[in-house]
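For reference, structure.tsv is printed below; it contains TSV, N, CA and C atoms.
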```tsv
chain	number	residue	atom	x	y	z
A	1	MET	N	-6.99	29.94	44.90
A	1	MET	CA	-6.40	28.63	45.05
A	1	MET	C	-4.99	28.80	45.61
A	2	LYS	N	-4.69	28.04	46.63
A	2	LYS	CA	-3.37	28.10	47.24
A	2	LYS	C	-2.55	26.90	46.78
A	3	LEU	N	-1.38	27.20	46.23
A	3	LEU	CA	-0.50	26.14	45.76
A	3	LEU	C	0.42	25.71	46.89
A	4	GLU	N	0.54	24.42	47.07
A	4	GLU	CA	1.44	23.88	48.08
A	4	GLU	C	2.82	23.65	47.46
A	5	ARG	N	3.75	23.29	48.31
A	5	ARG	CA	5.12	23.06	47.85
A	5	ARG	C	5.18	21.96	46.79
A	6	ARG	N	4.40	20.90	46.97
A	6	ARG	CA	4.42	19.80	45.99
A	6	ARG	C	3.89	20.26	44.64
A	7	HIS	N	2.92	21.18	44.63
A	7	HIS	CA	2.43	21.72	43.37
A	7	HIS	C	3.52	22.55	42.69
A	8	ALA	N	4.21	23.35	43.49
A	8	ALA	CA	5.28	24.18	42.95
A	8	ALA	C	6.37	23.32	42.34
A	9	LEU	N	6.74	22.25	43.03
A	9	LEU	CA	7.77	21.36	42.51
A	9	LEU	C	7.32	20.66	41.24
A	10	LEU	N	6.05	20.29	41.18
A	10	LEU	CA	5.52	19.67	39.97
A	10	LEU	C	5.57	20.65	38.79
A	11	LEU	N	5.16	21.90	39.02
A	11	LEU	CA	5.21	22.90	37.96
A	11	LEU	C	6.64	23.13	37.49
A	12	LEU	N	7.57	23.22	38.41
A	12	LEU	CA	8.98	23.41	38.05
A	12	LEU	C	9.52	22.19	37.30
A	13	GLY	N	9.10	21.01	37.72
A	13	GLY	CA	9.53	19.79	37.04
A	13	GLY	C	9.02	19.70	35.62
A	14	VAL	N	7.76	20.06	35.42
A	14	VAL	CA	7.19	20.04	34.07
A	14	VAL	C	7.86	21.10	33.19
A	15	ALA	N	8.13	22.25	33.76
A	15	ALA	CA	8.83	23.30	33.01
A	15	ALA	C	10.22	22.84	32.59
A	16	LEU	N	10.94	22.22	33.51
A	16	LEU	CA	12.27	21.71	33.20
A	16	LEU	C	12.20	20.61	32.14
A	17	TRP	N	11.22	19.74	32.26
A	17	TRP	CA	11.04	18.67	31.27
A	17	TRP	C	10.79	19.26	29.88
A	18	ASN	N	9.93	20.28	29.79
A	18	ASN	CA	9.67	20.92	28.50
A	18	ASN	C	10.95	21.52	27.92
A	19	VAL	N	11.73	22.19	28.76
A	19	VAL	CA	12.96	22.81	28.27
A	19	VAL	C	13.93	21.75	27.77
A	20	LEU	N	14.10	20.68	28.53
A	20	LEU	CA	15.04	19.63	28.13
A	20	LEU	C	14.60	18.92	26.85
A	21	THR	N	13.34	18.50	26.79
A	21	THR	CA	12.88	17.74	25.63
A	21	THR	C	12.81	18.60	24.38
A	22	PHE	N	12.31	19.82	24.52
A	22	PHE	CA	12.21	20.67	23.34
A	22	PHE	C	13.54	21.31	22.98
A	23	GLY	N	14.46	21.38	23.93
A	23	GLY	CA	15.82	21.78	23.60
A	23	GLY	C	16.48	20.74	22.70
A	24	MET	N	16.29	19.46	23.05
A	24	MET	CA	16.82	18.38	22.22
A	24	MET	C	16.12	18.36	20.86
A	25	PHE	N	14.83	18.59	20.86
A	25	PHE	CA	14.08	18.62	19.61
A	25	PHE	C	14.58	19.76	18.72
A	26	THR	N	14.87	20.90	19.34
A	26	THR	CA	15.40	22.04	18.58
A	26	THR	C	16.74	21.68	17.96
A	27	LYS	N	17.60	21.05	18.74
A	27	LYS	CA	18.91	20.64	18.25
A	27	LYS	C	18.77	19.68	17.07
A	28	ASN	N	17.90	18.70	17.20
A	28	ASN	CA	17.69	17.72	16.13
A	28	ASN	C	17.07	18.35	14.89
A	29	LEU	N	16.14	19.26	15.09
A	29	LEU	CA	15.51	19.92	13.95
A	29	LEU	C	16.52	20.78	13.21
A	30	TYR	N	17.37	21.48	13.95
A	30	TYR	CA	18.39	22.31	13.31
A	30	TYR	C	19.41	21.44	12.56
A	31	ALA	N	19.77	20.31	13.16
A	31	ALA	CA	20.72	19.40	12.50
A	31	ALA	C	20.14	18.87	11.19
A	32	ALA	N	18.85	18.57	11.19
A	32	ALA	CA	18.21	18.09	9.96
A	32	ALA	C	18.18	19.20	8.91
A	33	TYR	N	17.90	20.41	9.35
A	33	TYR	CA	17.87	21.54	8.42
A	33	TYR	C	19.27	21.82	7.85
A	34	ALA	N	20.27	21.79	8.73
A	34	ALA	CA	21.64	22.06	8.30
A	34	ALA	C	22.16	20.98	7.36
A	35	ALA	N	21.66	19.76	7.52
A	35	ALA	CA	22.08	18.66	6.66
A	35	ALA	C	21.39	18.71	5.30
A	36	GLY	N	20.48	19.65	5.13
A	36	GLY	CA	19.80	19.82	3.85
A	36	GLY	C	18.65	18.86	3.63
A	37	GLU	N	18.04	18.42	4.71
A	37	GLU	CA	16.91	17.50	4.60
A	37	GLU	C	15.78	18.15	3.81
A	38	GLU	N	15.27	17.43	2.85
A	38	GLU	CA	14.21	17.95	1.97
A	38	GLU	C	12.85	17.81	2.66
A	39	ARG	N	12.31	18.91	3.06
A	39	ARG	CA	10.97	18.97	3.66
A	39	ARG	C	10.27	20.21	3.13
A	40	ALA	N	8.95	20.16	3.19
A	40	ALA	CA	8.17	21.33	2.79
A	40	ALA	C	8.40	22.45	3.81
A	41	THR	N	8.25	23.68	3.36
A	41	THR	CA	8.44	24.83	4.25
A	41	THR	C	7.50	24.75	5.44
A	42	GLY	N	6.29	24.28	5.23
A	42	GLY	CA	5.33	24.15	6.32
A	42	GLY	C	5.82	23.27	7.45
A	43	TYR	N	6.59	22.26	7.12
A	43	TYR	CA	7.17	21.37	8.13
A	43	TYR	C	8.07	22.15	9.07
A	44	TRP	N	8.98	22.94	8.50
A	44	TRP	CA	9.92	23.71	9.31
A	44	TRP	C	9.19	24.78	10.12
A	45	VAL	N	8.22	25.43	9.51
A	45	VAL	CA	7.47	26.49	10.21
A	45	VAL	C	6.65	25.90	11.35
A	46	ALA	N	5.93	24.82	11.07
A	46	ALA	CA	5.08	24.21	12.09
A	46	ALA	C	5.90	23.74	13.29
A	47	HIS	N	7.01	23.11	13.03
A	47	HIS	CA	7.83	22.61	14.14
A	47	HIS	C	8.52	23.75	14.89
A	48	SER	N	8.88	24.79	14.19
A	48	SER	CA	9.47	25.95	14.85
A	48	SER	C	8.46	26.63	15.76
A	49	VAL	N	7.23	26.77	15.30
A	49	VAL	CA	6.16	27.35	16.12
A	49	VAL	C	5.90	26.46	17.33
A	50	LEU	N	5.89	25.16	17.14
A	50	LEU	CA	5.70	24.22	18.24
A	50	LEU	C	6.78	24.39	19.31
A	51	ILE	N	8.00	24.56	18.88
A	51	ILE	CA	9.11	24.76	19.81
A	51	ILE	C	8.94	26.06	20.60
A	52	VAL	N	8.61	27.13	19.91
A	52	VAL	CA	8.45	28.44	20.57
A	52	VAL	C	7.30	28.38	21.58
A	53	VAL	N	6.19	27.78	21.19
A	53	VAL	CA	5.03	27.69	22.09
A	53	VAL	C	5.38	26.86	23.32
A	54	ASN	N	6.08	25.77	23.14
A	54	ASN	CA	6.42	24.94	24.29
A	54	ASN	C	7.43	25.60	25.21
A	55	PHE	N	8.35	26.40	24.66
A	55	PHE	CA	9.25	27.16	25.53
A	55	PHE	C	8.47	28.24	26.28
A	56	ALA	N	7.47	28.82	25.65
A	56	ALA	CA	6.63	29.81	26.34
A	56	ALA	C	5.84	29.15	27.47
A	57	ILE	N	5.31	27.96	27.21
A	57	ILE	CA	4.60	27.22	28.25
A	57	ILE	C	5.54	26.91	29.40
A	58	ALA	N	6.75	26.50	29.09
A	58	ALA	CA	7.74	26.20	30.13
A	58	ALA	C	8.04	27.45	30.96
A	59	ALA	N	8.12	28.60	30.31
A	59	ALA	CA	8.39	29.85	31.03
A	59	ALA	C	7.23	30.19	31.97
A	60	VAL	N	6.01	30.03	31.50
A	60	VAL	CA	4.84	30.33	32.34
A	60	VAL	C	4.78	29.37	33.52
A	61	LEU	N	4.94	28.08	33.27
A	61	LEU	CA	4.88	27.09	34.35
A	61	LEU	C	6.04	27.28	35.33
A	62	GLY	N	7.21	27.58	34.80
A	62	GLY	CA	8.36	27.83	35.67
A	62	GLY	C	8.15	29.03	36.55
A	63	ARG	N	7.59	30.08	35.99
A	63	ARG	CA	7.33	31.30	36.77
A	63	ARG	C	6.30	31.04	37.86
A	64	LEU	N	5.22	30.34	37.49
A	64	LEU	CA	4.19	30.01	38.49
A	64	LEU	C	4.77	29.12	39.59
A	65	GLY	N	5.53	28.13	39.20
A	65	GLY	CA	6.14	27.24	40.18
A	65	GLY	C	7.10	27.97	41.09
A	66	TRP	N	7.90	28.85	40.51
A	66	TRP	CA	8.87	29.60	41.31
A	66	TRP	C	8.17	30.53	42.30
A	67	LYS	N	7.12	31.22	41.83
A	67	LYS	CA	6.36	32.10	42.71
A	67	LYS	C	5.70	31.32	43.84
A	68	ALA	N	5.16	30.16	43.51
A	68	ALA	CA	4.50	29.33	44.53
A	68	ALA	C	5.53	28.81	45.53
A	69	LEU	N	6.71	28.47	45.07
A	69	LEU	CA	7.76	27.97	45.95
A	69	LEU	C	8.27	29.08	46.87
A	70	ARG	N	8.40	30.27	46.32
A	70	ARG	CA	8.92	31.40	47.09
A	70	ARG	C	7.87	31.94	48.09
A	71	SER	N	6.61	31.75	47.82
A	71	SER	CA	5.57	32.30	48.70
A	71	SER	C	5.48	31.54	50.02
A	72	ARG	N	6.04	30.37	50.07
A	72	ARG	CA	5.98	29.57	51.31
A	72	ARG	C	6.91	30.13	52.29
```
What does this structure look like when you write it as structure tokens?
Amino acid sequence: MKLERRHALLLLGVALWNVLTFGMFTKNLYAAYAAGEERATGYWVAHSVLIVVNFAIAAVLGRLGWKALRSR
């Protein structure tokens, strides 16, 4: 499959969106934790795993988008 420039830009855009939204989510989650918000440990673990997975997805999509953009 050959990726066109518009596909590369879409992949880069989605990667950037993931980084921005989950960066804000990380900031808010840390602020809640630092404020001493009472939650079960599973809550913090589940959301932390979600953040890590989404940053990994952003890295993969960003790399694919960058490679597709550079190959043109």
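The gap separating atom C of His7 (chain A) from atom C of Ile57 (chain A) is 14.1 Å, in Å to one decimal.
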Alpha helix (DSSP H) positions in chain A, given as a PyMOL selection string: chain A and resi 5-34+41-71
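For the pair atom C of Leu16 (chain A) and atom C of Ala68 (chain A), the separation is 17.1 Å.
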Distance query Phe22 (chain A) at most 8 Å, all atoms listed in the file, self and fewer than 4 positions along chain excluded, as a PyMOL selection string: chain A and resi 16-18+26-28+50-51+54-55
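Picture a line from atom C of Trp66 (chain A) to atom N of Met1 (chain A); it runs 15.4 Å.
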Who sits within 7 Å of Leu11 (chain A), all atoms listed in the file, same chain under 5 positions skipped, as a ChimeraX atom specification: /A:6,16,61-62,64-66
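Taking only N, CA and C atoms into account, Val60 (chain A) lies nearest to A:Ala15 out of the set A:Leu9, A:Ala46, A:Met24, A:Ala15.
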